[in-house]
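Novice: Contents of model07.cif (mmCIF, C-alpha atoms, pLDDT in the B column; chains and numbers go by the auth columns) are below:
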```cif
data_target
#
loop_
_atom_site.group_PDB
_atom_site.id
_atom_site.type_symbol
_atom_site.label_atom_id
_atom_site.label_comp_id
_atom_site.label_asym_id
_atom_site.label_seq_id
_atom_site.Cartn_x
_atom_site.Cartn_y
_atom_site.Cartn_z
_atom_site.B_iso_or_equiv
_atom_site.auth_seq_id
_atom_site.auth_asym_id
ATOM 1 C CA MET A 1 0.000 0.000 0.000 61.00 286 A
ATOM 2 C CA ALA A 2 3.050 2.270 0.133 72.00 287 A
ATOM 3 C CA PRO A 3 3.997 4.251 -2.955 78.00 288 A
ATOM 4 C CA ILE A 4 7.204 3.157 -4.687 82.00 289 A
ATOM 5 C CA TYR A 5 9.618 5.777 -6.007 82.00 290 A
ATOM 6 C CA ARG A 6 12.534 4.812 -8.231 85.00 291 A
ATOM 7 C CA THR A 7 15.687 6.655 -7.220 84.00 292 A
ATOM 8 C CA SER A 8 19.351 6.763 -8.042 82.00 293 A
ATOM 9 C CA ARG A 9 21.677 6.956 -5.001 78.00 294 A
ATOM 10 C CA ALA A 10 18.617 7.694 -2.830 76.00 295 A
ATOM 11 C CA GLU A 11 17.945 11.032 -4.532 83.00 296 A
ATOM 12 C CA ILE A 12 14.294 11.873 -3.961 82.00 297 A
ATOM 13 C CA ASP A 13 12.263 14.948 -3.187 80.00 298 A
ATOM 14 C CA LEU A 14 12.003 14.790 0.621 74.00 299 A
ATOM 15 C CA LYS A 15 8.329 15.745 0.548 75.00 300 A
ATOM 16 C CA HIS A 16 7.743 12.092 -0.399 76.00 301 A
ATOM 17 C CA ILE A 17 9.456 10.650 2.718 73.00 302 A
ATOM 18 C CA ILE A 18 9.355 13.238 5.526 71.00 303 A
ATOM 19 C CA GLY A 19 6.164 14.458 7.152 65.00 304 A
ATOM 20 C CA ILE A 20 3.925 12.043 5.226 65.00 305 A
ATOM 21 C CA GLN A 21 2.000 10.933 8.338 62.00 306 A
ATOM 22 C CA ALA A 22 2.859 7.304 7.617 60.00 307 A
ATOM 23 C CA TYR A 23 1.757 6.275 11.096 56.00 308 A
ATOM 24 C CA SER A 24 -1.392 8.345 11.295 54.00 309 A
ATOM 25 C CA SER A 25 -4.374 6.362 12.419 51.00 310 A
ATOM 26 C CA GLY A 26 -6.514 4.916 9.724 48.00 311 A
ATOM 27 C CA PRO A 27 -8.229 1.689 8.822 44.00 312 A
ATOM 28 C CA THR A 28 -5.206 0.174 7.057 41.00 313 A
ATOM 29 C CA THR A 29 -2.403 0.933 9.520 39.00 314 A
ATOM 30 C CA GLN A 30 -1.550 -1.365 12.385 41.00 315 A
ATOM 31 C CA ALA A 31 1.291 0.689 13.852 42.00 316 A
ATOM 32 C CA LYS A 32 0.679 1.951 17.351 42.00 317 A
ATOM 33 C CA PRO A 33 2.762 4.142 19.602 43.00 318 A
ATOM 34 C CA VAL A 34 4.884 1.927 21.865 41.00 319 A
ATOM 35 C CA HIS A 35 3.764 3.746 24.982 43.00 320 A
ATOM 36 C CA ALA A 36 0.046 3.668 24.198 40.00 321 A
ATOM 37 C CA HIS A 37 -2.272 2.003 26.689 40.00 322 A
ATOM 38 C CA ALA A 38 -6.006 1.522 27.085 41.00 323 A
ATOM 39 C CA HIS A 39 -8.068 4.003 29.038 43.00 324 A
ATOM 40 C CA ASP A 40 -11.192 1.879 29.495 44.00 325 A
ATOM 41 C CA SER A 41 -10.811 1.811 33.258 43.00 326 A
ATOM 42 C CA GLU A 42 -8.931 3.779 35.863 47.00 327 A
ATOM 43 C CA ASP A 43 -5.451 2.328 35.746 46.00 328 A
ATOM 44 C CA GLY A 44 -4.098 3.999 38.848 49.00 329 A
ATOM 45 C CA HIS A 45 -1.822 6.647 37.381 47.00 330 A
ATOM 46 C CA ASP A 46 -2.106 10.317 36.557 49.00 331 A
ATOM 47 C CA HIS A 47 -2.659 11.011 32.857 45.00 332 A
ATOM 48 C CA SER A 48 -2.242 14.777 33.179 46.00 333 A
ATOM 49 C CA THR A 49 1.549 14.504 33.006 46.00 334 A
ATOM 50 C CA HIS A 50 1.688 12.552 29.719 46.00 335 A
ATOM 51 C CA ASP A 51 3.454 14.288 26.854 46.00 336 A
ATOM 52 C CA GLU A 52 0.833 15.106 24.216 46.00 337 A
ATOM 53 C CA ARG A 53 3.286 15.461 21.302 47.00 338 A
ATOM 54 C CA ALA A 54 3.033 13.075 18.380 49.00 339 A
ATOM 55 C CA PRO A 55 4.699 9.749 19.184 51.00 340 A
ATOM 56 C CA THR A 56 8.171 9.261 17.737 54.00 341 A
ATOM 57 C CA HIS A 57 8.623 5.566 18.486 53.00 342 A
ATOM 58 C CA TYR A 58 6.523 2.855 16.876 54.00 343 A
ATOM 59 C CA GLU A 59 6.600 -0.918 16.890 56.00 344 A
ATOM 60 C CA LEU A 60 5.037 -3.393 14.508 61.00 345 A
ATOM 61 C CA ARG A 61 5.810 -7.146 14.452 68.00 346 A
ATOM 62 C CA GLY A 62 9.033 -6.722 16.424 75.00 347 A
ATOM 63 C CA ILE A 63 10.395 -3.976 14.150 84.00 348 A
ATOM 64 C CA SER A 64 10.331 -0.512 15.617 87.00 349 A
ATOM 65 C CA SER A 65 11.141 2.948 14.372 89.00 350 A
ATOM 66 C CA LEU A 66 12.611 5.786 16.324 90.00 351 A
ATOM 67 C CA GLN A 67 12.574 9.417 15.228 91.00 352 A
ATOM 68 C CA VAL A 68 14.859 11.999 16.825 91.00 353 A
ATOM 69 C CA GLU A 69 15.009 15.711 16.077 91.00 354 A
ATOM 70 C CA CYS A 70 18.463 16.855 15.037 89.00 355 A
ATOM 71 C CA PRO A 71 19.489 20.439 15.816 91.00 356 A
ATOM 72 C CA VAL A 72 21.937 22.382 13.671 91.00 357 A
ATOM 73 C CA LEU A 73 25.272 20.629 14.237 91.00 358 A
ATOM 74 C CA SER A 74 28.739 22.002 14.861 92.00 359 A
ATOM 75 C CA SER A 75 31.587 20.182 13.103 90.00 360 A
ATOM 76 C CA SER A 76 32.441 18.372 16.351 92.00 361 A
ATOM 77 C CA LYS A 77 28.804 17.266 16.777 94.00 362 A
ATOM 78 C CA LEU A 78 28.741 16.068 13.165 93.00 363 A
ATOM 79 C CA ASP A 79 31.862 13.985 13.872 93.00 364 A
ATOM 80 C CA ALA A 80 30.263 12.672 17.076 94.00 365 A
ATOM 81 C CA LEU A 81 27.102 11.697 15.169 93.00 366 A
ATOM 82 C CA ASP A 82 29.202 9.854 12.573 93.00 367 A
ATOM 83 C CA ALA A 83 31.060 7.993 15.363 93.00 368 A
ATOM 84 C CA TRP A 84 27.734 7.112 17.059 93.00 369 A
ATOM 85 C CA ILE A 85 26.345 5.700 13.810 93.00 370 A
ATOM 86 C CA ARG A 86 29.509 3.639 13.198 92.00 371 A
ATOM 87 C CA SER A 87 29.369 2.203 16.713 91.00 372 A
ATOM 88 C CA VAL A 88 25.705 1.222 16.419 92.00 373 A
ATOM 89 C CA LEU A 89 25.845 -0.107 12.848 91.00 374 A
ATOM 90 C CA TRP A 90 29.294 -1.693 12.780 90.00 375 A
ATOM 91 C CA GLU A 91 29.769 -2.821 16.385 89.00 376 A
ATOM 92 C CA GLY A 92 26.113 -3.328 17.272 87.00 377 A
ATOM 93 C CA MET A 93 26.349 -1.323 20.463 87.00 378 A
ATOM 94 C CA LEU A 94 25.762 2.116 21.850 89.00 379 A
ATOM 95 C CA PRO A 95 29.056 3.993 22.228 85.00 380 A
ATOM 96 C CA ASP A 96 28.351 4.818 25.875 75.00 381 A
ATOM 97 C CA ALA A 97 27.224 1.278 26.836 65.00 382 A
ATOM 98 C CA GLY A 98 30.579 -0.460 27.325 60.00 383 A
ATOM 99 C CA ASP A 99 30.463 -4.230 27.870 53.00 384 A
ATOM 100 C CA ALA A 100 27.186 -3.962 29.790 53.00 385 A
ATOM 101 C CA GLY A 101 25.330 -2.835 26.646 48.00 386 A
ATOM 102 C CA ALA A 102 25.865 -6.039 24.711 54.00 387 A
ATOM 103 C CA GLN A 103 22.724 -7.695 26.111 57.00 388 A
ATOM 104 C CA ASP A 104 20.285 -5.116 24.748 65.00 389 A
ATOM 105 C CA SER A 105 22.140 -3.852 21.698 79.00 390 A
ATOM 106 C CA PRO A 106 20.074 -2.212 18.983 87.00 391 A
ATOM 107 C CA GLU A 107 19.891 -3.785 15.543 89.00 392 A
ATOM 108 C CA VAL A 108 19.451 -0.993 13.013 91.00 393 A
ATOM 109 C CA LEU A 109 18.108 -2.254 9.708 91.00 394 A
ATOM 110 C CA ARG A 110 17.635 1.159 8.111 93.00 395 A
ATOM 111 C CA CYS A 111 18.578 4.727 8.995 92.00 396 A
ATOM 112 C CA LYS A 112 17.791 7.966 7.260 94.00 397 A
ATOM 113 C CA GLY A 113 17.704 11.618 8.039 92.00 398 A
ATOM 114 C CA THR A 114 18.323 15.189 7.084 90.00 399 A
ATOM 115 C CA PHE A 115 20.239 17.796 9.040 90.00 400 A
ATOM 116 C CA SER A 116 22.473 20.819 8.606 89.00 401 A
ATOM 117 C CA ASN A 117 25.618 22.279 10.099 88.00 402 A
ATOM 118 C CA GLU A 118 26.366 25.743 11.432 88.00 403 A
ATOM 119 C CA SER A 119 27.501 27.034 8.028 86.00 404 A
ATOM 120 C CA GLY A 120 24.145 26.080 6.478 83.00 405 A
ATOM 121 C CA GLN A 121 25.395 23.029 4.583 87.00 406 A
ATOM 122 C CA GLN A 122 22.631 20.426 4.371 88.00 407 A
ATOM 123 C CA TYR A 123 23.235 16.680 4.701 90.00 408 A
ATOM 124 C CA VAL A 124 21.276 13.519 4.000 90.00 409 A
ATOM 125 C CA LEU A 125 21.857 10.266 5.895 92.00 410 A
ATOM 126 C CA GLN A 126 20.963 6.977 4.206 93.00 411 A
ATOM 127 C CA GLY A 127 21.828 3.581 5.621 91.00 412 A
ATOM 128 C CA VAL A 128 20.945 -0.085 5.230 91.00 413 A
ATOM 129 C CA ARG A 129 22.343 -2.517 7.803 89.00 414 A
ATOM 130 C CA SER A 130 26.057 -1.811 8.212 89.00 415 A
ATOM 131 C CA MET A 131 26.348 0.396 5.134 91.00 416 A
ATOM 132 C CA TYR A 132 25.593 4.072 5.465 92.00 417 A
ATOM 133 C CA GLU A 133 26.439 7.322 3.813 92.00 418 A
ATOM 134 C CA ILE A 134 26.234 10.929 4.953 91.00 419 A
ATOM 135 C CA THR A 135 26.251 13.138 1.880 89.00 420 A
ATOM 136 C CA LYS A 136 26.214 16.885 1.439 88.00 421 A
ATOM 137 C CA THR A 137 23.482 18.192 -0.773 83.00 422 A
ATOM 138 C CA SER A 138 24.671 20.251 -3.694 74.00 423 A
ATOM 139 C CA GLU A 139 24.396 23.988 -3.338 65.00 424 A
ATOM 140 C CA LYS A 140 22.009 23.992 -6.293 60.00 425 A
ATOM 141 C CA GLU A 141 19.645 21.633 -4.484 58.00 426 A
ATOM 142 C CA THR A 142 17.125 22.971 -2.059 55.00 427 A
ATOM 143 C CA ILE A 143 15.622 20.068 -0.201 56.00 428 A
ATOM 144 C CA GLY A 144 13.328 22.083 2.019 58.00 429 A
ATOM 145 C CA LEU A 145 15.064 20.880 5.165 56.00 430 A
ATOM 146 C CA PRO A 146 12.802 21.175 8.190 56.00 431 A
ATOM 147 C CA THR A 147 14.204 22.915 11.235 64.00 432 A
ATOM 148 C CA PRO A 148 15.273 21.037 13.186 74.00 433 A
ATOM 149 C CA GLY A 149 16.438 18.145 11.045 88.00 434 A
ATOM 150 C CA LYS A 150 15.279 14.600 11.714 91.00 435 A
ATOM 151 C CA LEU A 151 16.936 11.220 12.061 92.00 436 A
ATOM 152 C CA VAL A 152 14.973 7.992 11.771 93.00 437 A
ATOM 153 C CA LEU A 153 16.179 4.537 12.803 92.00 438 A
ATOM 154 C CA ILE A 154 14.266 1.379 11.889 92.00 439 A
ATOM 155 C CA GLY A 155 15.152 -1.938 13.480 90.00 440 A
ATOM 156 C CA LYS A 156 14.992 -3.978 16.675 90.00 441 A
ATOM 157 C CA GLY A 157 15.821 -2.980 20.242 87.00 442 A
ATOM 158 C CA LEU A 158 15.301 0.743 19.622 88.00 443 A
ATOM 159 C CA THR A 159 14.534 1.575 23.228 88.00 444 A
ATOM 160 C CA ASP A 160 14.526 4.838 25.150 89.00 445 A
ATOM 161 C CA ARG A 161 18.138 4.018 25.967 91.00 446 A
ATOM 162 C CA VAL A 162 18.987 4.308 22.251 92.00 447 A
ATOM 163 C CA ARG A 163 17.022 7.576 21.993 91.00 448 A
ATOM 164 C CA ASN A 164 18.798 9.006 25.039 92.00 449 A
ATOM 165 C CA SER A 165 22.215 7.979 23.715 92.00 450 A
ATOM 166 C CA LEU A 166 21.606 9.589 20.332 92.00 451 A
ATOM 167 C CA THR A 167 20.057 12.696 21.855 93.00 452 A
ATOM 168 C CA ALA A 168 23.103 13.129 24.122 93.00 453 A
ATOM 169 C CA VAL A 169 25.386 13.079 21.064 92.00 454 A
ATOM 170 C CA LEU A 170 23.297 15.728 19.313 91.00 455 A
ATOM 171 C CA GLN A 171 22.995 18.150 22.232 88.00 456 A
#
```
Mind turning this structure into C-alpha coordinates?
Specialist:
Amino acid sequence: MAPIYRTSRAEIDLKHIIGIQAYSSGPTTQAKPVHAHAHDSEDGHDHSTHDERAPTHYELRGISSLQVECPVLSSSKLDALDAWIRSVLWEGMLPDAGDAGAQDSPEVLRCKGTFSNESGQQYVLQGVRSMYEITKTSEKETIGLPTPGKLVLIGKGLTDRVRNSLTAVLQ
(Lines of atoms letter the chains of each structure in order from A and count residues from 1; the text may use other names and numbers.)
(Lines give C-alpha, C1' and ligand atoms only; values in the text may rest on other atoms or scores of the structure.)
Protein backbone atom coordinates (compact mmCIF):
# COMPACT_ATOMS: atom_id res chain seq x y z
CA MET A 1 0.00 0.00 0.00
CA ALA A 2 3.05 2.27 0.13
CA PRO A 3 4.00 4.25 -2.95
CA ILE A 4 7.20 3.16 -4.69
CA TYR A 5 9.62 5.78 -6.01
CA ARG A 6 12.53 4.81 -8.23
CA THR A 7 15.69 6.65 -7.22
CA SER A 8 19.35 6.76 -8.04
CA ARG A 9 21.68 6.96 -5.00
CA ALA A 10 18.62 7.69 -2.83
CA GLU A 11 17.94 11.03 -4.53
CA ILE A 12 14.29 11.87 -3.96
CA ASP A 13 12.26 14.95 -3.19
CA LEU A 14 12.00 14.79 0.62
CA LYS A 15 8.33 15.75 0.55
CA HIS A 16 7.74 12.09 -0.40
CA ILE A 17 9.46 10.65 2.72
CA ILE A 18 9.36 13.24 5.53
CA GLY A 19 6.16 14.46 7.15
CA ILE A 20 3.93 12.04 5.23
CA GLN A 21 2.00 10.93 8.34
CA ALA A 22 2.86 7.30 7.62
CA TYR A 23 1.76 6.27 11.10
CA SER A 24 -1.39 8.35 11.29
CA SER A 25 -4.37 6.36 12.42
CA GLY A 26 -6.51 4.92 9.72
CA PRO A 27 -8.23 1.69 8.82
CA THR A 28 -5.21 0.17 7.06
CA THR A 29 -2.40 0.93 9.52
CA GLN A 30 -1.55 -1.37 12.38
CA ALA A 31 1.29 0.69 13.85
CA LYS A 32 0.68 1.95 17.35
CA PRO A 33 2.76 4.14 19.60
CA VAL A 34 4.88 1.93 21.86
CA HIS A 35 3.76 3.75 24.98
CA ALA A 36 0.05 3.67 24.20
CA HIS A 37 -2.27 2.00 26.69
CA ALA A 38 -6.01 1.52 27.09
CA HIS A 39 -8.07 4.00 29.04
CA ASP A 40 -11.19 1.88 29.49
CA SER A 41 -10.81 1.81 33.26
CA GLU A 42 -8.93 3.78 35.86
CA ASP A 43 -5.45 2.33 35.75
CA GLY A 44 -4.10 4.00 38.85
CA HIS A 45 -1.82 6.65 37.38
CA ASP A 46 -2.11 10.32 36.56
CA HIS A 47 -2.66 11.01 32.86
CA SER A 48 -2.24 14.78 33.18
CA THR A 49 1.55 14.50 33.01
CA HIS A 50 1.69 12.55 29.72
CA ASP A 51 3.45 14.29 26.85
CA GLU A 52 0.83 15.11 24.22
CA ARG A 53 3.29 15.46 21.30
CA ALA A 54 3.03 13.07 18.38
CA PRO A 55 4.70 9.75 19.18
CA THR A 56 8.17 9.26 17.74
CA HIS A 57 8.62 5.57 18.49
CA TYR A 58 6.52 2.86 16.88
CA GLU A 59 6.60 -0.92 16.89
CA LEU A 60 5.04 -3.39 14.51
CA ARG A 61 5.81 -7.15 14.45
CA GLY A 62 9.03 -6.72 16.42
CA ILE A 63 10.40 -3.98 14.15
CA SER A 64 10.33 -0.51 15.62
CA SER A 65 11.14 2.95 14.37
CA LEU A 66 12.61 5.79 16.32
CA GLN A 67 12.57 9.42 15.23
CA VAL A 68 14.86 12.00 16.82
CA GLU A 69 15.01 15.71 16.08
CA CYS A 70 18.46 16.85 15.04
CA PRO A 71 19.49 20.44 15.82
CA VAL A 72 21.94 22.38 13.67
CA LEU A 73 25.27 20.63 14.24
CA SER A 74 28.74 22.00 14.86
CA SER A 75 31.59 20.18 13.10
CA SER A 76 32.44 18.37 16.35
CA LYS A 77 28.80 17.27 16.78
CA LEU A 78 28.74 16.07 13.16
CA ASP A 79 31.86 13.99 13.87
CA ALA A 80 30.26 12.67 17.08
CA LEU A 81 27.10 11.70 15.17
CA ASP A 82 29.20 9.85 12.57
CA ALA A 83 31.06 7.99 15.36
CA TRP A 84 27.73 7.11 17.06
CA ILE A 85 26.35 5.70 13.81
CA ARG A 86 29.51 3.64 13.20
CA SER A 87 29.37 2.20 16.71
CA VAL A 88 25.70 1.22 16.42
CA LEU A 89 25.84 -0.11 12.85
CA TRP A 90 29.29 -1.69 12.78
CA GLU A 91 29.77 -2.82 16.38
CA GLY A 92 26.11 -3.33 17.27
CA MET A 93 26.35 -1.32 20.46
CA LEU A 94 25.76 2.12 21.85
CA PRO A 95 29.06 3.99 22.23
CA ASP A 96 28.35 4.82 25.88
CA ALA A 97 27.22 1.28 26.84
CA GLY A 98 30.58 -0.46 27.33
CA ASP A 99 30.46 -4.23 27.87
CA ALA A 100 27.19 -3.96 29.79
CA GLY A 101 25.33 -2.84 26.65
CA ALA A 102 25.87 -6.04 24.71
CA GLN A 103 22.72 -7.70 26.11
CA ASP A 104 20.29 -5.12 24.75
CA SER A 105 22.14 -3.85 21.70
CA PRO A 106 20.07 -2.21 18.98
CA GLU A 107 19.89 -3.79 15.54
CA VAL A 108 19.45 -0.99 13.01
CA LEU A 109 18.11 -2.25 9.71
CA ARG A 110 17.64 1.16 8.11
CA CYS A 111 18.58 4.73 9.00
CA LYS A 112 17.79 7.97 7.26
CA GLY A 113 17.70 11.62 8.04
CA THR A 114 18.32 15.19 7.08
CA PHE A 115 20.24 17.80 9.04
CA SER A 116 22.47 20.82 8.61
CA ASN A 117 25.62 22.28 10.10
CA GLU A 118 26.37 25.74 11.43
CA SER A 119 27.50 27.03 8.03
CA GLY A 120 24.15 26.08 6.48
CA GLN A 121 25.40 23.03 4.58
CA GLN A 122 22.63 20.43 4.37
CA TYR A 123 23.24 16.68 4.70
CA VAL A 124 21.28 13.52 4.00
CA LEU A 125 21.86 10.27 5.90
CA GLN A 126 20.96 6.98 4.21
CA GLY A 127 21.83 3.58 5.62
CA VAL A 128 20.95 -0.09 5.23
CA ARG A 129 22.34 -2.52 7.80
CA SER A 130 26.06 -1.81 8.21
CA MET A 131 26.35 0.40 5.13
CA TYR A 132 25.59 4.07 5.46
CA GLU A 133 26.44 7.32 3.81
CA ILE A 134 26.23 10.93 4.95
CA THR A 135 26.25 13.14 1.88
CA LYS A 136 26.21 16.88 1.44
CA THR A 137 23.48 18.19 -0.77
CA SER A 138 24.67 20.25 -3.69
CA GLU A 139 24.40 23.99 -3.34
CA LYS A 140 22.01 23.99 -6.29
CA GLU A 141 19.65 21.63 -4.48
CA THR A 142 17.13 22.97 -2.06
CA ILE A 143 15.62 20.07 -0.20
CA GLY A 144 13.33 22.08 2.02
CA LEU A 145 15.06 20.88 5.16
CA PRO A 146 12.80 21.17 8.19
CA THR A 147 14.20 22.92 11.24
CA PRO A 148 15.27 21.04 13.19
CA GLY A 149 16.44 18.15 11.04
CA LYS A 150 15.28 14.60 11.71
CA LEU A 151 16.94 11.22 12.06
CA VAL A 152 14.97 7.99 11.77
CA LEU A 153 16.18 4.54 12.80
CA ILE A 154 14.27 1.38 11.89
CA GLY A 155 15.15 -1.94 13.48
CA LYS A 156 14.99 -3.98 16.67
CA GLY A 157 15.82 -2.98 20.24
CA LEU A 158 15.30 0.74 19.62
CA THR A 159 14.53 1.58 23.23
CA ASP A 160 14.53 4.84 25.15
CA ARG A 161 18.14 4.02 25.97
CA VAL A 162 18.99 4.31 22.25
CA ARG A 163 17.02 7.58 21.99
CA ASN A 164 18.80 9.01 25.04
CA SER A 165 22.22 7.98 23.72
CA LEU A 166 21.61 9.59 20.33
CA THR A 167 20.06 12.70 21.86
CA ALA A 168 23.10 13.13 24.12
CA VAL A 169 25.39 13.08 21.06
CA LEU A 170 23.30 15.73 19.31
CA GLN A 171 23.00 18.15 22.23
Novice: Would you compute the distance between atom CA of Arg448 of chain A and atom CA of Ile289 of chain A? Give it in Å to one decimal.
Specialist: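 Those two atoms sit 28.8 Å apart.
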Novice: Residues at most 12 Å from Ser415 of chain A, counting only C-alpha atoms, excluding those fewer than 4 positions away in the same chain, as a VMD selection string?
Specialist: chain A and resid 370 to 377 392 to 396 411
Novice: From the options A:Val447, A:Ala453, A:Val437, A:Val409, which residue's atoms come nearest to Leu299 of chain A, counting only C-alpha atoms?
Specialist: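 With only C-alpha atoms as the atom set, the closest residue is A:Val409.
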Novice: Separation of atom CA of Phe400 of chain A and atom CA of Val353 of chain A, in Å?
Specialist: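 We find that atom CA of Phe400 of chain A and atom CA of Val353 of chain A lie 11.1 Å from each other.
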Novice: Would you mind reading off the distance between atom CA of Met378 of chain A and atom CA of Glu354 of chain A, one decimal, in Å?
Specialist: 20.9 Å
Novice: Looking at all atoms listed in the file, which of A:Asn402, A:Ser293, A:Pro391, A:Thr452 is the one that sits closest to Asp364 of chain A?
Specialist: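 So, comparing all the options, the nearest one is A:Asn402.
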Novice: Would you kindly translate the PyMOL selection byres ((chain A and resi 433) around 12) into the concrete residues it picks from this file, as a list of chain:residue names?
Specialist: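 In the shown coordinates, the PyMOL selection byres ((chain A and resi 433) around 12) covers A:Val353, A:Glu354, A:Cys355, A:Pro356, A:Val357, A:Leu358, A:Gly398, A:Thr399, A:Phe400, A:Ser401, A:Asn402, A:Gln407, A:Gly429, A:Leu430, A:Pro431, A:Thr432, A:Gly434, A:Lys435, A:Leu436, A:Leu455.
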Novice: From the list A:Arg294, A:Arg414, A:His301, A:Lys362, which residue is nearest Gln456 of chain A when using all atoms listed in the file?
Specialist: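 So, comparing all the options, the nearest one is A:Lys362.
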